[in-house]
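Trainee: Got a structure for you, structure.cif, holding mmCIF, C-alpha atoms.
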data_query
#
loop_
_atom_site.label_atom_id
_atom_site.label_comp_id
_atom_site.auth_asym_id
_atom_site.auth_seq_id
_atom_site.Cartn_x
_atom_site.Cartn_y
_atom_site.Cartn_z
CA MET A 142 94.03 -22.31 48.07
CA LYS A 143 92.17 -25.28 49.60
CA LYS A 144 91.34 -23.15 52.63
CA ILE A 145 89.84 -20.49 50.38
CA TYR A 146 87.64 -23.10 48.66
CA LEU A 147 86.54 -24.46 52.00
CA ILE A 148 85.59 -20.98 53.20
CA LEU A 149 83.60 -20.29 50.02
CA LEU A 150 81.75 -23.57 50.33
CA ALA A 151 80.90 -22.77 53.92
CA VAL A 152 79.61 -19.31 52.99
CA MET A 153 77.52 -20.72 50.13
CA SER A 154 76.10 -23.39 52.41
CA LEU A 155 75.08 -20.78 54.97
CA ALA A 156 73.50 -18.62 52.26
CA PHE A 157 71.56 -21.55 50.87
CA THR A 158 70.36 -22.50 54.33
CA SER A 159 69.36 -18.87 54.96
CA CYS A 160 67.32 -18.82 51.73
CA LEU A 161 65.56 -22.00 52.72
CA MET A 162 64.72 -20.57 56.13
CA GLU A 163 63.46 -17.32 54.56
CA GLU A 164 61.37 -19.26 52.06
CA LYS A 165 59.95 -21.37 54.83
CA GLU A 166 59.01 -18.23 56.80
CA ILE A 167 57.28 -16.66 53.79
CA PHE A 168 55.37 -19.77 52.82
CA ASP A 169 54.63 -21.07 56.27
CA LYS A 170 51.05 -21.98 55.13
CA THR A 171 49.84 -24.15 52.32
CA PRO A 172 47.98 -22.55 49.39
CA ALA A 173 44.73 -24.00 50.72
CA GLU A 174 45.34 -22.49 54.15
CA ARG A 175 46.12 -19.10 52.63
CA MET A 176 42.91 -19.26 50.54
CA ASP A 177 40.86 -20.17 53.62
CA ALA A 178 42.33 -17.21 55.50
CA TYR A 179 41.57 -14.88 52.57
CA LEU A 180 37.96 -16.03 52.37
CA GLU A 181 37.51 -15.81 56.11
CA GLU A 182 38.82 -12.23 56.06
CA TYR A 183 36.16 -11.23 53.51
CA ARG A 184 33.45 -13.11 55.35
CA SER A 185 34.38 -11.16 58.48
CA ILE A 186 34.34 -7.82 56.60
CA LEU A 187 30.93 -8.51 55.07
CA SER A 188 29.30 -9.61 58.31
CA SER A 189 30.85 -6.85 60.41
CA ASN A 190 28.78 -4.05 58.84
CA GLU A 191 25.37 -4.40 60.48
CA GLU A 192 23.67 -1.93 58.10
CA GLY A 193 24.71 -3.93 55.07
CA TRP A 194 26.13 -3.28 51.63
CA LEU A 195 24.82 -1.58 48.49
CA LEU A 196 25.25 -3.53 45.27
CA GLN A 197 24.55 -1.86 41.92
CA TYR A 198 23.99 -4.97 39.86
CA TYR A 199 24.40 -5.34 36.08
CA ALA A 200 23.45 -8.54 34.23
CA GLU A 201 24.59 -9.72 30.78
CA GLU A 202 27.95 -9.19 29.12
CA GLU A 203 26.98 -5.86 27.51
CA GLN A 204 24.85 -4.69 30.46
CA SER A 205 21.88 -4.79 28.07
CA TYR A 206 19.29 -4.80 30.85
CA GLY A 207 20.71 -1.85 32.74
CA GLY A 208 21.54 -1.72 36.44
CA TYR A 209 19.43 -2.22 39.57
CA ALA A 210 20.10 -1.78 43.26
CA TYR A 211 20.29 -4.38 46.01
CA VAL A 212 20.94 -3.88 49.69
CA LEU A 213 22.53 -6.96 51.27
CA LYS A 214 23.12 -7.77 54.94
CA PHE A 215 25.47 -10.63 55.76
CA THR A 216 25.97 -12.81 58.81
CA GLN A 217 28.62 -15.52 58.96
CA ASP A 218 26.25 -17.92 57.19
CA ASP A 219 23.36 -16.13 55.47
CA VAL A 220 22.51 -13.05 53.44
CA THR A 221 19.36 -10.92 53.58
CA ALA A 222 18.48 -9.15 50.33
CA TRP A 223 16.30 -6.16 49.52
CA PHE A 224 15.74 -5.55 45.79
CA GLN A 225 14.76 -2.49 43.76
CA LEU A 226 12.53 -4.52 41.41
CA ALA A 227 10.63 -6.28 44.19
CA ASP A 228 6.88 -5.77 44.20
CA ASP A 229 7.31 -4.58 47.79
CA VAL A 230 10.72 -3.04 48.53
CA THR A 231 10.10 -3.39 52.28
CA LYS A 232 10.14 -7.17 51.89
CA SER A 233 13.47 -8.98 52.30
CA ILE A 234 14.52 -12.56 51.56
CA THR A 235 17.15 -14.44 53.60
CA THR A 236 19.11 -17.41 52.25
CA LEU A 237 22.51 -19.06 52.71
CA TYR A 238 25.64 -18.00 50.88
CA LYS A 239 29.16 -19.35 50.77
CA MET A 240 32.76 -18.31 50.21
CA THR A 241 34.47 -20.88 48.06
CA PRO A 242 37.95 -21.40 46.55
CA ASP A 243 36.56 -22.25 43.14
CA ASP A 244 39.27 -21.35 40.62
CA GLY A 245 40.02 -18.34 42.82
CA PRO A 246 38.10 -16.77 45.72
CA VAL A 247 34.36 -16.67 44.99
CA LEU A 248 31.30 -15.23 46.74
CA ALA A 249 28.41 -17.52 45.76
CA PHE A 250 24.69 -17.10 46.39
CA ASP A 251 24.16 -20.80 45.76
CA THR A 252 20.85 -21.21 47.63
CA TYR A 253 17.87 -20.08 45.55
CA ASN A 254 16.82 -16.53 46.37
CA GLU A 255 14.04 -14.94 44.33
CA TYR A 256 15.83 -11.59 44.36
CA LEU A 257 19.45 -12.63 43.94
CA HIS A 258 18.57 -15.09 41.17
CA TYR A 259 16.12 -12.76 39.40
CA PHE A 260 18.37 -12.25 36.36
CA ALA A 261 19.65 -15.84 36.27
CA THR A 262 16.38 -17.81 36.43
CA PRO A 263 15.02 -19.04 33.06
CA ASN A 264 11.35 -18.56 32.25
CA VAL A 265 8.94 -19.74 29.61
CA SER A 266 9.82 -16.88 27.21
CA ASP A 267 13.58 -16.91 27.83
CA TYR A 268 15.16 -20.26 28.62
CA GLU A 269 18.62 -18.68 28.88
CA ALA A 270 17.38 -16.17 31.46
CA LEU A 271 19.01 -12.73 31.37
CA HIS A 272 22.61 -13.92 31.66
CA GLY A 273 22.71 -12.84 35.28
CA ASP A 274 25.36 -13.73 37.85
CA TYR A 275 24.94 -15.27 41.28
CA GLU A 276 28.62 -16.18 41.66
CA PHE A 277 31.22 -13.43 41.87
CA ARG A 278 34.98 -13.48 41.99
CA LEU A 279 36.40 -11.52 44.92
CA VAL A 280 38.81 -9.17 43.17
CA GLY A 281 39.89 -7.02 46.14
CA LYS A 282 38.96 -4.11 48.38
CA ASN A 283 39.95 -0.54 49.04
CA ASP A 284 42.22 0.51 51.93
CA ASP A 285 39.50 0.96 54.56
CA ALA A 286 37.44 -2.01 53.34
CA SER A 287 34.43 0.22 52.64
CA GLU A 288 34.31 -1.14 49.10
CA ILE A 289 34.69 -4.75 47.97
CA TYR A 290 35.32 -5.36 44.28
CA LEU A 291 33.59 -8.20 42.45
CA LYS A 292 33.53 -9.65 38.96
CA GLY A 293 30.60 -11.67 37.65
CA ARG A 294 31.74 -15.18 36.76
CA ARG A 295 29.32 -15.46 33.85
CA SER A 296 29.14 -11.89 32.55
CA GLY A 297 32.58 -10.61 33.53
CA ASN A 298 30.92 -7.38 34.70
CA ALA A 299 32.90 -5.36 37.25
CA LEU A 300 30.75 -4.66 40.32
CA LYS A 301 31.32 -3.52 43.87
CA LEU A 302 29.77 -3.78 47.30
CA VAL A 303 29.76 -0.42 49.07
CA LYS A 304 29.17 -0.02 52.80
CA PHE A 305 25.57 1.06 53.27
CA THR A 306 23.98 3.25 55.93
CA GLY A 307 20.27 3.86 56.39
CA ASP A 308 17.08 1.92 55.79
CA PRO A 309 17.11 -0.40 52.73
CA ALA A 310 13.43 0.08 51.89
CA THR A 311 13.69 3.87 52.10
CA TYR A 312 16.72 3.88 49.80
CA LEU A 313 15.13 1.61 47.19
CA ALA A 314 11.83 3.51 47.28
CA ALA A 315 13.75 6.73 46.62
CA CYS A 316 15.48 5.09 43.63
CA ASN A 317 12.12 4.06 42.23
CA ALA A 318 10.68 7.53 42.81
CA VAL A 319 13.41 9.05 40.62
CA GLN A 320 12.77 6.43 37.94
CA ALA A 321 9.02 7.10 38.05
CA GLY A 322 9.62 10.86 37.92
CA MET A 323 11.74 10.48 34.79
CA LYS A 324 9.53 7.97 33.03
CA ALA A 325 8.45 9.39 29.69
CA PRO A 326 7.86 8.15 26.14
CA ALA A 327 10.83 10.12 24.80
CA TYR A 328 13.68 12.41 25.85
CA LYS A 329 15.97 15.09 24.48
CA MET A 330 19.45 16.16 25.52
CA THR A 331 20.74 19.72 25.45
CA ILE A 332 24.40 20.71 25.71
CA GLY A 333 24.32 24.47 25.97
CA GLU A 334 22.84 25.57 22.65
CA ILE A 335 23.21 22.12 21.08
CA GLU A 336 20.22 19.80 21.03
CA GLY A 337 20.86 16.08 20.77
CA GLU A 338 18.98 12.80 20.96
CA CYS A 339 18.94 10.40 23.87
CA SER A 340 17.14 7.42 25.38
CA LEU A 341 16.79 6.09 28.94
CA SER A 342 15.13 2.80 27.98
CA ASN A 343 15.84 -0.31 30.10
CA ASN A 344 18.16 1.66 32.37
CA ARG A 345 20.55 2.35 29.52
CA PHE A 346 21.60 5.85 28.50
CA GLU A 347 22.15 6.22 24.76
CA TYR A 348 22.90 9.58 23.19
CA ALA A 349 23.98 11.30 19.99
CA TYR A 350 24.66 14.95 19.16
CA THR A 351 26.13 16.87 16.24
CA VAL A 352 28.46 19.87 16.42
CA VAL A 353 29.88 22.22 13.78
CA VAL A 354 33.65 21.74 13.56
CA GLY A 355 34.45 23.99 10.61
CA GLN A 356 33.41 25.31 7.22
CA ALA A 357 34.16 24.15 3.70
CA PRO A 358 33.81 26.01 0.39
CA VAL A 359 31.28 24.68 -2.08
CA GLU A 360 30.59 25.40 -5.69
CA GLY A 361 28.80 28.70 -6.21
CA GLU A 362 28.64 31.81 -8.34
CA VAL A 363 31.84 33.79 -7.76
CA PRO A 364 32.13 37.17 -9.60
CA ALA A 365 35.03 37.79 -11.99
CA GLU A 366 37.98 39.82 -10.77
CA GLY A 367 37.10 43.52 -10.62
CA GLU A 368 33.35 42.95 -10.74
CA VAL A 369 31.08 44.05 -7.94
CA PRO A 370 29.38 40.93 -6.58
CA ALA A 371 25.63 40.87 -6.90
CA GLU A 372 23.49 39.88 -3.95
CA GLY A 373 23.96 36.19 -3.23
CA GLU A 374 27.27 35.96 -5.06
CA GLY A 375 30.69 35.58 -3.55
CA GLU A 376 32.42 32.85 -1.57
CA VAL A 377 30.02 30.04 -0.69
CA VAL A 378 30.68 27.81 2.36
CA GLU A 379 28.77 25.20 4.27
CA PRO A 380 29.37 23.89 7.77
CA ILE A 381 31.39 20.76 8.48
CA THR A 382 29.73 18.73 11.21
CA GLU A 383 30.75 15.79 13.34
CA THR A 384 28.37 13.48 15.20
CA PHE A 385 29.27 12.02 18.58
CA GLU A 386 27.41 9.16 20.18
CA GLY A 387 27.74 6.80 23.09
CA ALA A 388 25.92 4.48 25.45
CA THR A 389 26.21 3.03 28.93
CA ALA A 390 24.02 1.24 31.43
CA PHE A 391 23.07 3.00 34.65
CA CYS A 392 21.50 2.56 38.07
CA TYR A 393 18.91 4.92 39.53
CA THR A 394 19.86 6.40 42.90
CA PRO A 395 17.93 8.68 45.29
CA ASP A 396 19.87 11.59 43.74
CA GLY A 397 19.71 10.67 40.05
CA VAL A 398 21.66 8.01 38.14
CA ASP A 399 25.12 6.43 38.35
CA PHE A 400 26.72 5.26 35.08
CA TYR A 401 28.31 1.82 34.74
CA THR A 402 31.09 3.39 32.67
CA PRO A 403 31.80 7.14 32.38
CA VAL A 404 30.52 9.04 29.34
CA VAL A 405 32.34 11.82 27.52
CA ILE A 406 30.09 14.62 26.26
CA ASP A 407 31.56 17.69 24.59
CA GLY A 408 34.99 16.82 25.96
CA VAL A 409 33.92 16.41 29.60
CA THR A 410 33.78 13.06 31.42
CA TYR A 411 30.73 12.36 33.58
CA ASN A 412 30.00 9.52 36.01
CA SER A 413 26.46 10.45 37.04
CA LEU A 414 23.44 12.70 36.52
CA VAL A 415 21.48 14.64 39.14
CA TYR A 416 17.68 14.54 39.31
CA ASN A 417 15.61 17.73 39.55
CA ALA A 418 12.11 16.83 40.73
CA GLU A 419 10.68 20.31 40.07
CA ASN A 420 11.21 20.26 36.32
CA GLY A 421 11.61 16.52 35.78
CA THR A 422 15.15 16.59 34.38
CA LEU A 423 18.47 14.86 34.82
CA SER A 424 21.58 16.98 34.47
CA THR A 425 25.31 16.86 35.03
CA GLU A 426 26.62 18.49 38.20
CA ASP A 427 28.07 21.38 36.18
CA GLY A 428 24.65 21.95 34.57
CA LYS A 429 26.12 21.73 31.09
CA VAL A 430 24.17 18.65 29.97
CA VAL A 431 20.41 18.41 30.60
CA ILE A 432 18.12 15.45 29.86
CA SER A 433 14.49 16.57 29.49
CA GLN A 434 11.29 14.61 28.98
CA VAL A 435 9.39 14.83 25.71
CA ILE A 436 5.68 14.09 26.02
CA PRO A 437 4.23 13.22 22.62
CA PRO A 438 0.49 13.01 21.85
CA LEU A 439 -1.31 9.79 22.76
CA ASN A 440 -1.43 8.50 19.19
CA GLN A 441 2.34 8.90 18.88
CA MET A 442 2.80 7.09 22.20
CA LEU A 443 0.88 4.18 20.72
CA VAL A 444 3.28 3.77 17.80
CA LEU A 445 6.49 4.64 19.68
CA GLN A 446 6.52 1.70 22.10
CA ASP A 447 5.10 -1.77 22.67
CA TRP A 448 1.57 -2.10 24.10
CA TYR A 449 0.27 -5.49 25.24
CA PHE A 450 -3.08 -7.23 24.80
CA THR A 451 -5.06 -9.23 27.33
CA TYR A 452 -8.38 -10.94 26.61
CA SER A 453 -10.14 -9.33 29.57
CA ASN A 454 -9.21 -5.88 28.23
CA LEU A 455 -11.09 -6.39 24.96
CA GLY A 456 -14.61 -5.19 24.35
CA SER A 457 -17.40 -7.58 23.37
CA PHE A 458 -16.65 -7.10 19.66
CA GLY A 459 -12.99 -8.00 20.07
CA LYS A 460 -13.64 -11.10 22.19
CA THR A 461 -15.90 -12.49 19.47
CA TYR A 462 -12.98 -12.45 17.03
CA TRP A 463 -10.32 -13.65 19.47
CA ASP A 464 -12.25 -16.75 20.55
CA PRO A 465 -11.81 -18.65 17.24
CA VAL A 466 -8.05 -17.99 17.36
CA LYS A 467 -7.75 -19.64 20.77
CA THR A 468 -9.59 -22.69 19.40
CA ALA A 469 -7.42 -22.80 16.27
CA LEU A 470 -4.20 -22.69 18.30
CA ALA A 471 -5.42 -25.43 20.61
CA GLY A 472 -6.03 -27.53 17.51
CA ILE A 473 -2.31 -27.42 16.66
CA GLY A 474 -1.21 -27.88 20.28
CA GLU A 475 -0.21 -24.26 20.89
CA GLN A 476 -1.14 -21.30 23.09
CA LEU A 477 -0.72 -17.58 22.55
CA LEU A 478 2.17 -16.60 24.82
CA VAL A 479 2.50 -12.84 24.18
CA ALA A 480 0.62 -10.40 21.93
CA TYR A 481 1.29 -6.70 21.44
CA LEU A 482 1.19 -3.72 19.10
CA GLY A 483 4.66 -2.33 18.40
CA SER A 484 7.72 -2.46 16.18
CA SER A 485 10.41 -3.93 18.45
CA LEU A 486 10.34 -7.41 16.93
CA TYR A 487 10.85 -6.74 13.22
CA GLY A 488 11.22 -2.96 12.96
CA LYS A 489 7.79 -2.51 11.37
CA TRP A 490 4.76 -1.50 13.40
CA GLY A 491 1.92 -3.94 13.78
CA PHE A 492 0.55 -6.96 15.63
CA ASN A 493 3.40 -9.06 17.09
CA PHE A 494 3.14 -12.33 18.95
CA TYR A 495 4.82 -15.37 20.47
CA THR A 496 3.15 -18.78 20.67
CA THR A 497 4.29 -21.81 22.64
CA THR A 498 3.82 -25.56 22.62
CA GLY A 499 5.25 -25.76 26.12
CA SER A 500 8.59 -27.02 24.81
CA ALA A 501 9.11 -24.66 21.85
CA ASN A 502 8.23 -21.06 21.08
CA TYR A 503 7.38 -19.42 17.74
CA LYS A 504 7.08 -15.74 16.85
CA GLY A 505 5.78 -13.52 14.11
CA GLY A 506 4.55 -10.10 13.11
CA LEU A 507 1.65 -8.90 10.96
CA TYR A 508 2.27 -5.35 9.82
CA MET A 509 -0.32 -2.57 10.07
CA ALA A 510 -0.46 0.58 7.98
CA TYR A 511 -1.59 3.54 10.07
CA GLN A 512 -2.33 7.23 9.84
CA LEU A 513 -2.38 9.61 12.80
CA SER A 514 -4.65 12.63 13.02
CA GLY A 515 -4.84 15.23 15.75
CA ASP A 516 -3.42 14.12 19.09
CA ASP A 517 -5.67 11.17 19.83
CA LYS A 518 -6.83 9.44 16.63
CA ILE A 519 -5.36 6.60 14.58
CA ALA A 520 -6.64 4.81 11.47
CA MET A 521 -5.30 1.24 11.06
CA GLN A 522 -5.42 -1.36 8.31
CA PHE A 523 -3.57 -4.65 7.72
CA ALA A 524 -0.67 -4.06 5.30
CA MET A 525 -0.93 -7.58 3.79
CA ASP A 526 2.61 -8.42 4.93
CA GLY A 527 4.36 -9.86 7.92
CA GLY A 528 7.60 -11.02 9.49
CA GLY A 529 8.82 -14.30 10.95
CA ASP A 530 5.98 -16.82 11.14
CA GLY A 531 3.34 -14.09 10.97
CA VAL A 532 1.94 -14.95 7.54
CA TRP A 533 1.78 -18.67 8.40
CA TYR A 534 -0.37 -17.99 11.46
CA HIS A 535 -2.48 -15.57 9.42
CA ASN A 536 -3.20 -18.33 6.90
CA ASN A 537 -3.35 -21.37 9.20
CA ALA A 538 -4.38 -20.27 12.70
CA LYS A 539 -7.06 -17.65 11.94
CA PHE A 540 -4.88 -14.69 13.00
CA SER A 541 -6.75 -12.72 10.34
CA TYR A 542 -9.58 -12.66 12.90
CA LEU A 543 -7.35 -10.78 15.34
CA LEU A 544 -6.49 -8.24 12.66
CA ASN A 545 -10.14 -7.67 11.85
CA VAL A 546 -10.56 -6.06 15.27
CA LEU A 547 -7.82 -3.56 14.33
CA GLY A 548 -8.66 -3.03 10.68
CA TYR A 549 -8.38 -5.58 7.88
CA SER A 550 -9.84 -5.03 4.41
CA SER A 551 -10.67 -1.43 5.28
CA PRO A 552 -9.29 0.89 7.96
CA ARG A 553 -10.84 1.30 11.38
CA ILE A 554 -10.53 4.69 13.08
CA PHE A 555 -9.96 4.76 16.84
CA THR A 556 -9.93 7.51 19.45
CA ILE A 557 -7.27 7.00 22.16
CA THR A 558 -7.66 7.88 25.84
CA ALA A 559 -5.39 7.28 28.85
CA ASP A 560 -5.32 7.58 32.62
CA ASN A 561 -2.22 9.81 32.62
CA PRO A 562 -1.18 11.59 29.41
CA LYS A 563 2.42 11.98 30.66
CA ASN A 564 2.95 8.47 31.92
CA PRO A 565 -0.04 6.27 31.05
CA SER A 566 -0.50 2.90 32.71
CA TYR A 567 -2.84 2.01 29.86
CA LEU A 568 -4.25 3.28 26.56
CA VAL A 569 -7.86 2.66 25.55
CA LEU A 570 -8.69 2.53 21.83
CA THR A 571 -12.39 3.00 21.03
CA GLU A 572 -13.52 2.63 17.43
CA ASP A 573 -15.41 5.73 16.31
CA ALA A 574 -17.93 3.71 14.28
CA ASN A 575 -18.38 0.89 16.81
CA PRO A 576 -18.33 1.72 20.56
CA ASN A 577 -18.34 -2.03 21.35
CA ASN A 578 -14.91 -2.34 19.77
CA THR A 579 -12.70 -1.21 22.62
CA ILE A 580 -9.11 -2.31 23.23
CA LYS A 581 -7.28 -1.55 26.47
CA LEU A 582 -3.51 -1.90 26.04
CA ILE A 583 -0.92 -1.96 28.83
CA PRO A 584 2.82 -1.17 28.63
CA THR A 585 3.97 -4.26 30.55
CA GLN A 586 4.28 -7.73 29.09
CA THR A 587 1.57 -10.22 30.03
CA LEU A 588 2.09 -13.93 29.40
CA TYR A 589 -0.78 -16.06 28.07
CA PRO A 590 -3.08 -13.12 27.16
CA PHE A 591 -6.01 -15.46 26.44
CA ASN A 592 -5.97 -16.37 30.13
CA ASN A 593 -5.81 -12.79 31.45
#
What would you get if you wrote out this structure as structure tokens?
Mentor:
Amino acid sequence: MKKIYLILLAVMSLAFTSCLMEEKEIFDKTPAERMDAYLEEYRSILSSNEEGWLLQYYAEEEQSYGGYAYVLKFTQDDVTAWFQLADDVTKSITTLYKMTPDDGPVLAFDTYNEYLHYFATPNVSDYEALHGDYEFRLVGKNDDASEIYLKGRRSGNALKLVKFTGDPATYLAACNAVQAGMKAPAYKMTIGEIEGECSLSNNRFEYAYTVVVGQAPVEGEVPAEGEVPAEGEGEVVEPITETFEGATAFCYTPDGVDFYTPVVIDGVTYNSLVYNAENGTLSTEDGKVVISQVIPPLNQMLVLQDWYFTYSNLGSFGKTYWDPVKTALAGIGEQLLVAYLGSSLYGKWGFNFYTTTGSANYKGGLYMAYQLSGDDKIAMQFAMDGGGDGVWYHNNAKFSYLLNVLGYSSPRIFTITADNPKNPSYLVLTEDANPNNTIKLIPTQTLYPFNN
């Protein structure tokens, strides 16, 4: 029996030694060494593709600002970036980057780069910036390493670098050409015979459509048994409808748009839309869903979106009334930061503004009643109401002077003109009764309008 025990002990000792040897072979490197090897592998993959990588970038946790394209070329130490939103897409910016074992493998663009930090850099109107990422967790890659998967450390957005071929500037210019071709004040979506609503604002696709799913009887005149029903009598039914809606951010591509997450429309899942330059539409590859532009009259354009003021774009009449407001604001240590006509701030159309002391911002709205006539005329008058700090500035900073240019105690009637009725870069309002009262409005935000 002792011999048997001795044999068992010997076998167990050998097995234990074997396990130790196997464990030693598996973990022959420290965790730090394994992390360094992992990071070096990805650095090598990124720098090995001389034509670079395409990144469809989404900022903010809900992708509220839509998606935009970058083309990135890596060396062992630096990255060169081309950016879709650059003033000149042929211009690139080169800065350092690093691979770091920071709570997991991370690709970090830690040296300031105007393009790569575009969504993460605070400004005077948004001290929290746009919740953009410049540090990304390296999640993995596909089998042939043509795609590298990332996750934004701040937003948590799932992104990927895709091997790129071609010229970066040509690609980005083509993306912008599709965006320009689809730019319109409004859109509609058709699904066969069904017409729905949709929006492409801020590179986000939002849609809603209603379908008939059945019929239900309703109360009505039903003839007694044996009687011949008169016209209009008999069983009465009405349709049962169901509304479907959804939203996702997207990136423009040279061929159309790519969705951040797939959308399901009428039971079919779609990942992208294809652009048709001839008729200015986006459609699914099967042709079932079509997004078309809706071009409203100029006066409807004015009230459907935000249009920004600048001092230099006012006529002589308007400047006379804006000058006292600048003086009044200076008296309380403030400047006018932004001023526009629209409804995005409080949901009611009118004069909206931000002011700043340099360290704090204030905002308000002063509502305008309006009436549209024809395609190019609007009558405006102050509605004696406001939102936020609007009424305070009306009473204490002479903002009533600004409203007088638009219409205060009585309405002013304006005729609207534009450079391009489909996609105007500006609208000009000229008062019918006073040709010196002209207001040129632009669709892009301008900071410090008194200085522009």
Trainee: Given all atoms listed in the file as the basis, pick out the residue of A:Thr558, A:Lys563, A:Lys282, A:Asp530 nearest to A:Leu187.
Mentor: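 Smallest separation from A:Leu187 among the options: A:Lys282.
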Trainee: Between atom CA of A:Ala469 and atom CA of A:Asn575, measure the distance and give it in Å to one decimal.
Mentor: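 Interatomic distance, atom CA of A:Ala469 to atom CA of A:Asn575: 26.1 Å.
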Trainee: Hey, what comes out of the PyMOL selection byres ((chain A and resi 313) around 9) on this file? Could you write it as a list in words?
Mentor: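 Here the PyMOL selection byres ((chain A and resi 313) around 9) matches Ala210, Tyr211, Val212, Trp223, Phe224, Gln225, Leu226, Val230, Thr231, Asp308, Pro309, Ala310, Thr311, Tyr312, Ala314, Ala315, Cys316, Asn317, Ala318, Thr394 and Pro395 of chain A.
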Trainee: If you measure from atom CA of A:Tyr179 to atom CA of A:Leu248, what distance in Å do you get, rounded to one decimal?
Mentor: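 Taking atom CA of A:Tyr179 as the start and atom CA of A:Leu248 as the end point, the length is 11.8 Å.
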Trainee: In Å, how far is it from atom CA of A:Leu582 to atom CA of A:Val569?
Mentor: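 About the pair atom CA of A:Leu582 and atom CA of A:Val569: they are 6.3 Å apart.
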Trainee: Could you state which residues are captured by the PyMOL selection byres ((chain A and resi 496) around 8) in this file, as JSON, numbers by chain?
Mentor: {"A": [475, 476, 477, 478, 479, 494, 495, 497, 498, 502, 503, 504]}
Trainee: Let me make sure I understand: among A:Ala520, A:Cys392, A:Val319, A:Leu588, which one has the smallest atom-to-atom distance to A:Leu300 if we use only C-alpha atoms?
Mentor: A:Cys392
Trainee: I'd like the neighbourhood of A:Gly491 as a list in words, where a residue qualifies if any of its atoms comes within 7 Å (using all atoms listed in the file), though same-chain residues fewer than 6 positions away should be ignored.
Mentor: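 Surrounding residues, per the criterion: Leu482, Gly483, Ser484, Gly506, Leu507, Tyr508 and Met509 of chain A.
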Trainee: Around the point (9.7, 3.1, 26.5), in the coordinates given by the file, pick out the residues reaching within 7 Å, counting all atoms listed in the file, and return them as a list in words.
Mentor: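 Residues lying no farther than 7 Å from the given point: Pro326, Ser342 and Gln446 of chain A.
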